>>> print(open('entry27.txt').read())   # compact mmCIF, C-alpha atoms
# COMPACT_ATOMS: atom_id res chain seq x y z
CA MET L 1 0.00 0.00 0.00
CA ILE L 2 1.35 3.41 -1.01
CA LEU L 3 0.66 5.05 2.36
CA SER L 4 3.02 2.61 4.04
CA ASN L 5 5.90 4.06 2.01
CA PHE L 6 5.86 7.25 4.10
CA SER L 7 8.19 5.89 6.73
CA PRO L 8 11.23 7.52 8.40
CA LEU L 9 13.15 4.50 7.16
CA GLU L 10 12.49 5.39 3.52
CA ASN L 11 14.55 7.93 1.57
CA GLU L 12 13.43 11.05 -0.26
CA HIS L 13 13.05 9.19 -3.56
CA THR L 14 10.45 6.83 -2.10
CA TRP L 15 8.56 9.74 -0.55
CA HIS L 16 8.69 11.67 -3.82
CA GLY L 17 7.44 8.79 -5.93
CA SER L 18 4.71 7.96 -3.44
CA CYS L 19 3.45 11.54 -3.44
CA LEU L 20 3.32 11.56 -7.23
CA ALA L 21 1.44 8.25 -7.20
CA LEU L 22 -1.12 9.61 -4.71
CA ALA L 23 -1.55 12.77 -6.77
CA GLU L 24 -2.20 10.84 -9.98
CA LEU L 25 -4.59 8.42 -8.29
CA SER L 26 -6.44 11.29 -6.70
CA ARG L 27 -6.62 13.27 -9.94
CA ARG L 28 -8.20 10.27 -11.63
CA GLY L 29 -10.71 9.72 -8.83
CA LEU L 30 -9.22 6.37 -7.81
CA ILE L 31 -8.89 7.03 -4.07
CA LEU L 32 -11.81 6.17 -1.84
CA PRO L 33 -12.98 8.76 0.72
CA LYS L 34 -12.23 6.31 3.55
CA ARG L 35 -8.52 6.62 2.67
CA LEU L 36 -8.49 10.39 3.20
CA PRO L 37 -7.49 10.39 6.91
CA GLY L 38 -4.33 8.45 6.13
CA LEU L 39 -3.65 10.44 2.97
CA VAL L 40 -3.97 13.81 4.71
CA SER L 41 -1.74 12.59 7.54
CA VAL L 42 1.14 11.72 5.19
CA LEU L 43 0.46 14.83 3.14
CA VAL L 44 1.11 17.06 6.15
CA LYS L 45 4.38 15.23 6.84
CA SER L 46 5.41 15.54 3.20
CA PHE L 47 4.84 19.31 3.21
CA GLN L 48 7.70 19.62 5.72
CA PHE L 49 9.96 16.81 4.52
CA GLU L 50 13.59 17.92 4.64
CA GLU L 51 16.78 16.04 5.47
CA GLN L 52 20.15 17.67 5.89
CA ARG L 53 23.06 16.17 3.99
CA GLY L 54 26.26 17.95 5.01
CA PHE L 55 25.89 21.60 4.03
CA LEU L 56 22.88 20.89 1.82
CA SER L 57 19.43 19.42 2.25
CA VAL L 58 17.18 17.10 0.27
CA GLY L 59 13.42 17.01 0.16
CA SER L 60 12.31 19.88 -2.06
CA ALA L 61 11.04 17.39 -4.67
CA VAL L 62 8.94 15.71 -1.97
CA ARG L 63 7.43 19.02 -0.86
CA ASP L 64 6.72 20.01 -4.45
CA ALA L 65 5.00 16.67 -5.09
CA ALA L 66 2.98 17.08 -1.89
CA CYS L 67 1.64 20.33 -3.31
CA TYR L 68 0.60 18.37 -6.39
CA VAL L 69 -1.38 16.03 -4.12
CA ALA L 70 -3.09 19.02 -2.48
CA TRP L 71 -3.81 20.46 -5.93
CA SER L 72 -5.43 17.20 -7.08
CA LEU L 73 -7.75 16.68 -4.11
CA PRO L 74 -10.48 19.21 -5.03
CA ARG L 75 -10.54 17.80 -8.55
CA SER L 76 -11.80 14.41 -7.40
CA PHE L 77 -13.49 14.96 -4.02
CA SER L 78 -16.53 17.05 -3.33
CA GLN L 79 -16.58 20.03 -1.01
CA GLU L 80 -18.58 18.04 1.52
CA ILE L 81 -16.09 15.15 1.63
CA LEU L 82 -13.08 17.45 2.05
CA ALA L 83 -14.76 19.72 4.61
CA THR L 84 -13.27 17.79 7.55
CA TYR L 85 -9.75 18.40 6.29
CA VAL L 86 -10.04 21.99 5.04
CA GLU L 87 -8.44 23.70 8.03
CA GLU L 88 -5.52 21.28 8.23
CA ILE L 89 -4.72 21.37 4.52
CA ALA L 90 -5.13 25.14 4.24
CA SER L 91 -2.91 25.89 7.25
CA ASN L 92 -0.14 23.58 6.07
CA LEU L 93 -0.23 24.97 2.55
CA ILE L 94 0.14 28.45 4.03
CA LEU L 95 3.28 27.33 5.87
CA VAL L 96 4.81 26.13 2.60
CA ILE L 97 3.74 29.28 0.75
CA LEU L 98 5.38 31.51 3.34
CA PHE L 99 8.36 29.63 4.68
CA ASP L 100 9.66 26.99 2.28
CA ARG L 101 13.29 27.59 1.42
CA GLU L 102 12.75 26.88 -2.28
CA VAL L 103 10.81 29.21 -4.55
CA ASN L 104 9.39 26.38 -6.68
CA CYS L 105 7.79 24.85 -3.57
CA ARG L 106 6.33 28.19 -2.47
CA ARG L 107 4.83 28.69 -5.91
CA ALA L 108 3.53 25.12 -6.10
CA ALA L 109 1.81 25.59 -2.74
CA SER L 110 0.29 28.86 -3.93
CA ALA L 111 -1.05 27.08 -7.02
CA ALA L 112 -2.52 24.28 -4.88
CA PHE L 113 -4.13 26.82 -2.57
CA GLN L 114 -5.58 28.62 -5.59
CA GLU L 115 -6.97 25.38 -7.03
CA ASN L 116 -8.78 24.58 -3.78
CA VAL L 117 -10.16 28.10 -3.45
CA GLY L 118 -11.26 28.18 -7.09
CA ARG L 119 -13.01 24.81 -7.07
CA HIS L 120 -14.51 24.70 -3.58
CA GLY L 121 -14.04 28.14 -2.06
CA ASN L 122 -13.92 26.73 1.46
CA PHE L 123 -10.41 27.74 2.51
CA PRO L 124 -10.72 30.51 5.14
CA HIS L 125 -10.09 33.94 3.58
CA GLY L 126 -9.00 32.20 0.39
CA ILE L 127 -9.47 35.09 -2.04
CA ASP L 128 -7.84 37.61 0.30
CA ILE L 129 -4.80 35.37 0.75
CA LEU L 130 -4.42 34.67 -2.96
CA THR L 131 -4.46 38.40 -3.59
CA LEU L 132 -1.53 38.75 -1.19
CA ALA L 133 0.42 35.56 -1.98
CA ASP L 134 0.20 35.16 -5.73
CA TYR L 135 2.81 33.58 -8.02
CA HIS L 136 4.98 36.69 -8.17
CA ALA L 137 4.64 37.74 -4.52
CA VAL L 138 5.99 34.46 -3.16
CA GLY L 139 9.05 34.70 -5.39
CA CYS L 140 10.96 36.78 -2.85
CA ARG L 141 11.82 34.80 0.27
CA SER L 142 12.41 37.81 2.53
CA ASP L 143 9.07 39.32 1.53
CA CYS L 144 7.36 36.04 2.43
CA TYR L 145 8.81 36.13 5.94
CA LEU L 146 8.66 39.86 6.65
CA LYS L 147 5.63 41.09 4.68
CA LEU L 148 3.32 38.26 3.72
CA ALA L 149 3.56 36.28 6.97
CA PRO L 150 2.49 39.23 9.19
CA SER L 151 -0.32 40.08 6.75
CA ILE L 152 -1.72 36.53 6.58
CA ALA L 153 -1.27 36.04 10.34
CA GLU L 154 -3.86 38.79 10.82
CA PHE L 155 -6.41 36.13 9.88
CA LYS L 156 -6.96 34.31 13.17
CA GLU L 157 -7.39 30.92 11.48
CA TYR L 158 -3.70 31.00 10.51
CA GLU L 159 -2.10 33.12 13.21
CA LYS L 160 -1.04 30.44 15.71
CA ALA L 161 0.02 27.98 13.02
CA ILE L 162 2.35 30.61 11.57
CA ILE L 163 3.80 31.61 14.93
CA ASP L 164 4.25 28.01 16.09
CA HIS L 165 5.94 26.97 12.87
CA LEU L 166 8.40 29.84 13.00
CA ALA L 167 9.21 29.16 16.66
CA LYS L 168 9.40 25.37 16.51
CA VAL L 169 10.82 24.71 13.05
CA ARG L 170 12.29 27.73 11.29
CA VAL L 171 14.31 29.45 14.02
CA SER L 172 16.38 26.27 14.37
CA HIS L 173 16.71 25.63 10.63
CA TRP L 174 20.12 24.55 9.32
CA ASP L 175 20.24 27.56 6.94
CA GLU L 176 21.49 30.67 8.75
CA ASN L 177 19.47 32.98 6.48
CA ILE L 178 16.26 31.13 7.33
CA ARG L 179 17.02 31.39 11.05
CA SER L 180 17.64 35.11 10.75
CA LEU L 181 14.46 35.75 8.73
CA SER L 182 12.43 33.63 11.16
CA ALA L 183 13.62 35.60 14.17
CA GLU L 184 12.87 38.88 12.42
CA SER L 185 9.44 37.65 11.36
CA LEU L 186 8.63 36.57 14.91
CA SER L 187 9.60 39.99 16.21
CA ILE L 188 7.07 41.56 13.82
CA LEU L 189 4.38 39.04 14.80
CA CYS L 190 4.79 39.92 18.49
CA SER L 191 2.51 42.90 17.99
CA LEU L 192 -0.33 40.67 16.75
CA ASN L 193 -0.56 38.37 19.74
CA PRO L 194 1.98 39.28 22.43
CA ALA L 195 0.24 37.20 25.10
CA TYR L 196 0.43 34.00 23.06
CA ILE L 197 4.06 34.53 22.11
CA SER L 198 4.99 35.33 25.71
CA ASP L 199 3.11 32.41 27.27
CA SER L 200 3.41 29.69 24.66
CA VAL L 201 6.48 30.49 22.61
CA LEU L 202 9.03 32.24 24.82
CA LYS L 203 8.40 30.16 27.91
CA LYS L 204 8.74 26.90 25.99
CA SER L 205 11.85 28.16 24.21
CA ILE L 206 13.48 29.18 27.48
CA ALA L 207 12.49 25.91 29.13
CA GLY L 208 14.05 23.99 26.28
CA MET L 209 17.35 25.83 26.75
CA THR L 210 17.65 25.04 30.44
>>> encode(input="entry27.txt", output="structure tokens")
Amino acid sequence: MILSNFSPLENEHTWHGSCLALAELSRRGLILPKRLPGLVSVLVKSFQFEEQRGFLSVGSAVRDAACYVAWSLPRSFSQEILATYVEEIASNLILVILFDREVNCRRAASAAFQENVGRHGNFPHGIDILTLADYHAVGCRSDCYLKLAPSIAEFKEYEKAIIDHLAKVRVSHWDENIRSLSAESLSILCSLNPAYISDSVLKKSIAGMT
């Protein structure tokens, strides 16, 4: 079964091929709705797949293919069937749009988000976000962190997911530029929800250092 391929023991090539297989099966309407919980679970993991190899990392092909899966879902499943997963898929696509290191992944996520909004229209604030984070806007990494992230975080449905991802994943990223942008982005986001950042982010960060 394809879903069993998404194991920590498998390499990026297996994850990449499995994502492409899921996308094609989904696009052709060959995945049963009862398989969606498992599919969405591995999809979320694939959105953030990255493994460091020396001074480089692998996984961008996996993340790009995961966006293809997200793009294919509204083409084969009705709005009612996908309703349960809307918030999870939308939030995780936003994280790729804003924070992925590679521009092709950010643009692929933007295209997947657009496809879902265009076909079903059930992503929270979908049109407003697409106006902000279109194909050209996500091309500049620093703008994604310092301009788009604070703007999209103003929508409460995405605010905590953005803050948590920056604090838990991006500020400790292997790439120094990503770490720097993440810290700067968090400093801007402090004005949106200072209580949450103080209670949930800073306290946990300090506790983890001691």
>>> atom_distance(input="entry27.txt", atom1="atom CA of Tyr85 of chain L", atom2="atom CA of Leu43 of chain L")
11.3 Å
>>> closest_residue(input="entry27.txt", among="L:Glu157, L:Asp134, L:Glu87, L:Asp164", to="Ala109 of chain L", atoms="all atoms listed in the file")
L:Asp134
>>> closest_residue(input="entry27.txt", among="L:Gly118, L:Gly54, L:Pro150, L:Pro124", to="Ala83 of chain L", atoms="all atoms listed in the file")
L:Pro124
>>> atom_distance(input="entry27.txt", atom1="atom CA of Ser26 of chain L", atom2="atom CA of Asp64 of chain L")
15.9 Å
>>> residues_around(input="entry27.txt", residues="segment 68-78 of chain L", least_positions_apart="5", cutoff="9 Å", atoms="all atoms listed in the file", output="mmCIF file with C-alpha atoms, in the frame of the given file")
data_model
loop_
_atom_site.group_PDB
_atom_site.id
_atom_site.type_symbol
_atom_site.label_atom_id
_atom_site.label_comp_id
_atom_site.auth_asym_id
_atom_site.auth_seq_id
_atom_site.Cartn_x
_atom_site.Cartn_y
_atom_site.Cartn_z
ATOM 1 C CA CYS L 19 3.450 11.540 -3.440
ATOM 2 C CA LEU L 20 3.320 11.560 -7.230
ATOM 3 C CA ALA L 21 1.440 8.250 -7.200
ATOM 4 C CA LEU L 22 -1.120 9.610 -4.710
ATOM 5 C CA ALA L 23 -1.550 12.770 -6.770
ATOM 6 C CA GLU L 24 -2.200 10.840 -9.980
ATOM 7 C CA LEU L 25 -4.590 8.420 -8.290
ATOM 8 C CA SER L 26 -6.440 11.290 -6.700
ATOM 9 C CA ARG L 27 -6.620 13.270 -9.940
ATOM 10 C CA ARG L 28 -8.200 10.270 -11.630
ATOM 11 C CA GLY L 29 -10.710 9.720 -8.830
ATOM 12 C CA LEU L 30 -9.220 6.370 -7.810
ATOM 13 C CA ILE L 31 -8.890 7.030 -4.070
ATOM 14 C CA PRO L 33 -12.980 8.760 0.720
ATOM 15 C CA VAL L 40 -3.970 13.810 4.710
ATOM 16 C CA LEU L 43 0.460 14.830 3.140
ATOM 17 C CA ARG L 63 7.430 19.020 -0.860
ATOM 18 C CA ALA L 83 -14.760 19.720 4.610
ATOM 19 C CA ILE L 89 -4.720 21.370 4.520
ATOM 20 C CA LEU L 93 -0.230 24.970 2.550
ATOM 21 C CA ALA L 108 3.530 25.120 -6.100
ATOM 22 C CA ALA L 109 1.810 25.590 -2.740
ATOM 23 C CA ALA L 111 -1.050 27.080 -7.020
ATOM 24 C CA ALA L 112 -2.520 24.280 -4.880
ATOM 25 C CA PHE L 113 -4.130 26.820 -2.570
ATOM 26 C CA GLN L 114 -5.580 28.620 -5.590
ATOM 27 C CA GLU L 115 -6.970 25.380 -7.030
ATOM 28 C CA ASN L 116 -8.780 24.580 -3.780
ATOM 29 C CA ARG L 119 -13.010 24.810 -7.070
ATOM 30 C CA HIS L 120 -14.510 24.700 -3.580
#
>>> closest_residue(input="entry27.txt", among="L:Ile97, L:Leu186, L:Ile162, L:His173", to="Leu130 of chain L", atoms="all atoms listed in the file")
L:Ile97
>>> closest_residue(input="entry27.txt", among="L:Ala183, L:Ile163, L:Asn104, L:Val86", to="Ser200 of chain L", atoms="only C-alpha atoms")
L:Ile163
>>> closest_residue(input="entry27.txt", among="L:Lys45, L:Arg53, L:His13, L:Arg35", to="Cys67 of chain L", atoms="all atoms listed in the file")
L:Lys45
>>> atom_distance(input="entry27.txt", atom1="atom CA of Leu189 of chain L", atom2="atom CA of Ile152 of chain L")
10.5 Å
>>> decode(input="entry27.txt", residues="segment 77-169 of chain L", atoms="C-alpha atoms", output="compact mmCIF listing (two decimals), in the first residue's frame")
# COMPACT_ATOMS: atom_id res chain seq x y z
CA PHE L 77 -13.49 14.96 -4.02
CA SER L 78 -16.53 17.05 -3.33
CA GLN L 79 -16.58 20.03 -1.01
CA GLU L 80 -18.58 18.04 1.52
CA ILE L 81 -16.09 15.15 1.63
CA LEU L 82 -13.08 17.45 2.05
CA ALA L 83 -14.76 19.72 4.61
CA THR L 84 -13.27 17.79 7.55
CA TYR L 85 -9.75 18.40 6.29
CA VAL L 86 -10.04 21.99 5.04
CA GLU L 87 -8.44 23.70 8.03
CA GLU L 88 -5.52 21.28 8.23
CA ILE L 89 -4.72 21.37 4.52
CA ALA L 90 -5.13 25.14 4.24
CA SER L 91 -2.91 25.89 7.25
CA ASN L 92 -0.14 23.58 6.07
CA LEU L 93 -0.23 24.97 2.55
CA ILE L 94 0.14 28.45 4.03
CA LEU L 95 3.28 27.33 5.87
CA VAL L 96 4.81 26.13 2.60
CA ILE L 97 3.74 29.28 0.75
CA LEU L 98 5.38 31.51 3.34
CA PHE L 99 8.36 29.63 4.68
CA ASP L 100 9.66 26.99 2.28
CA ARG L 101 13.29 27.59 1.42
CA GLU L 102 12.75 26.88 -2.28
CA VAL L 103 10.81 29.21 -4.55
CA ASN L 104 9.39 26.38 -6.68
CA CYS L 105 7.79 24.85 -3.57
CA ARG L 106 6.33 28.19 -2.47
CA ARG L 107 4.83 28.69 -5.91
CA ALA L 108 3.53 25.12 -6.10
CA ALA L 109 1.81 25.59 -2.74
CA SER L 110 0.29 28.86 -3.93
CA ALA L 111 -1.05 27.08 -7.02
CA ALA L 112 -2.52 24.28 -4.88
CA PHE L 113 -4.13 26.82 -2.57
CA GLN L 114 -5.58 28.62 -5.59
CA GLU L 115 -6.97 25.38 -7.03
CA ASN L 116 -8.78 24.58 -3.78
CA VAL L 117 -10.16 28.10 -3.45
CA GLY L 118 -11.26 28.18 -7.09
CA ARG L 119 -13.01 24.81 -7.07
CA HIS L 120 -14.51 24.70 -3.58
CA GLY L 121 -14.04 28.14 -2.06
CA ASN L 122 -13.92 26.73 1.46
CA PHE L 123 -10.41 27.74 2.51
CA PRO L 124 -10.72 30.51 5.14
CA HIS L 125 -10.09 33.94 3.58
CA GLY L 126 -9.00 32.20 0.39
CA ILE L 127 -9.47 35.09 -2.04
CA ASP L 128 -7.84 37.61 0.30
CA ILE L 129 -4.80 35.37 0.75
CA LEU L 130 -4.42 34.67 -2.96
CA THR L 131 -4.46 38.40 -3.59
CA LEU L 132 -1.53 38.75 -1.19
CA ALA L 133 0.42 35.56 -1.98
CA ASP L 134 0.20 35.16 -5.73
CA TYR L 135 2.81 33.58 -8.02
CA HIS L 136 4.98 36.69 -8.17
CA ALA L 137 4.64 37.74 -4.52
CA VAL L 138 5.99 34.46 -3.16
CA GLY L 139 9.05 34.70 -5.39
CA CYS L 140 10.96 36.78 -2.85
CA ARG L 141 11.82 34.80 0.27
CA SER L 142 12.41 37.81 2.53
CA ASP L 143 9.07 39.32 1.53
CA CYS L 144 7.36 36.04 2.43
CA TYR L 145 8.81 36.13 5.94
CA LEU L 146 8.66 39.86 6.65
CA LYS L 147 5.63 41.09 4.68
CA LEU L 148 3.32 38.26 3.72
CA ALA L 149 3.56 36.28 6.97
CA PRO L 150 2.49 39.23 9.19
CA SER L 151 -0.32 40.08 6.75
CA ILE L 152 -1.72 36.53 6.58
CA ALA L 153 -1.27 36.04 10.34
CA GLU L 154 -3.86 38.79 10.82
CA PHE L 155 -6.41 36.13 9.88
CA LYS L 156 -6.96 34.31 13.17
CA GLU L 157 -7.39 30.92 11.48
CA TYR L 158 -3.70 31.00 10.51
CA GLU L 159 -2.10 33.12 13.21
CA LYS L 160 -1.04 30.44 15.71
CA ALA L 161 0.02 27.98 13.02
CA ILE L 162 2.35 30.61 11.57
CA ILE L 163 3.80 31.61 14.93
CA ASP L 164 4.25 28.01 16.09
CA HIS L 165 5.94 26.97 12.87
CA LEU L 166 8.40 29.84 13.00
CA ALA L 167 9.21 29.16 16.66
CA LYS L 168 9.40 25.37 16.51
CA VAL L 169 10.82 24.71 13.05
